[in-house]
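One structure is given below, encoded as structure tokens.
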Amino acid sequence: METMALRHILKHLCSCCLITPFKTLTAYVGVQLESPLVTQFYDSIVSDGNWTKAEHMLQLSADQRPI
């Protein structure tokens, strides 16, 4: 139950673009809202503006997809 509540809080923080509290809470409680690959993809586009890294991450994701 506590994990579910934390995920709702994390989702709210993320949807309100409160990235610093989102990252702080995620690191402190050890609960992840999404796949680490999705988080890295988001960071590469939104936080860093690094489209090359984002394309690379999409390729990694496609390569890891089970056949």
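Letters A, B, ... go to the chains of the structure tokens in the order shown; residues in each chain start at 1; ligands are counted from 1 in the same order.
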
Spatial neighbours of Met57 in chain A, 10 Å, only C-alpha atoms, chain gap at least 6 places, as a VMD selection string: chain A and resid 37 to 38 40 to 41 44 51 63

Would you write out those residues with N, CA and C atoms, as a PDB file, in the first residue's frame?
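Writing the result to out.pdb gives the following:
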```pdb
ATOM      1  N   LEU A  37      15.301   3.107 -18.207  1.00  0.00           N
ATOM      2  CA  LEU A  37      15.548   3.500 -19.586  1.00  0.00           C
ATOM      3  C   LEU A  37      14.639   4.661 -19.986  1.00  0.00           C
ATOM      4  N   VAL A  38      13.392   4.625 -19.550  1.00  0.00           N
ATOM      5  CA  VAL A  38      12.457   5.714 -19.846  1.00  0.00           C
ATOM      6  C   VAL A  38      12.908   6.999 -19.157  1.00  0.00           C
ATOM      7  N   GLN A  40      15.992   7.823 -18.318  1.00  0.00           N
ATOM      8  CA  GLN A  40      17.175   8.322 -19.022  1.00  0.00           C
ATOM      9  C   GLN A  40      16.784   8.971 -20.347  1.00  0.00           C
ATOM     10  N   PHE A  41      15.814   8.386 -21.032  1.00  0.00           N
ATOM     11  CA  PHE A  41      15.337   8.939 -22.297  1.00  0.00           C
ATOM     12  C   PHE A  41      14.744  10.331 -22.067  1.00  0.00           C
ATOM     13  N   SER A  44      17.484  12.816 -21.295  1.00  0.00           N
ATOM     14  CA  SER A  44      18.299  13.179 -22.458  1.00  0.00           C
ATOM     15  C   SER A  44      17.595  14.202 -23.341  1.00  0.00           C
ATOM     16  N   TRP A  51      19.516  15.138 -28.382  1.00  0.00           N
ATOM     17  CA  TRP A  51      18.731  14.286 -29.285  1.00  0.00           C
ATOM     18  C   TRP A  51      19.525  13.076 -29.755  1.00  0.00           C
ATOM     19  N   ASP A  63      16.853  -2.875 -29.497  1.00  0.00           N
ATOM     20  CA  ASP A  63      17.743  -4.037 -29.498  1.00  0.00           C
ATOM     21  C   ASP A  63      17.451  -4.989 -28.351  1.00  0.00           C
TER      22      ASP A  63
END
```

DSSP alpha helix (DSSP H) selection over chain A, as a PyMOL selection string: chain A and resi 2-15+19-29+36-42+51-64

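Nearest residue to Val29 in chain A, choosing from A:Leu58, A:Ile45, A:Cys17, A:Leu6 and counting only C-alpha atoms: A:Leu6.
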
Shell around Thr39 in chain A at 12 Å using only C-alpha atoms, local window under 2 positions removed, as number ranges by chain: A: 14, 19, 22-23, 26, 32-37, 41-47, 54, 57

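The space between CA of Gly30 in chain A and CA of Met4 in chain A spans 12.8 Å.
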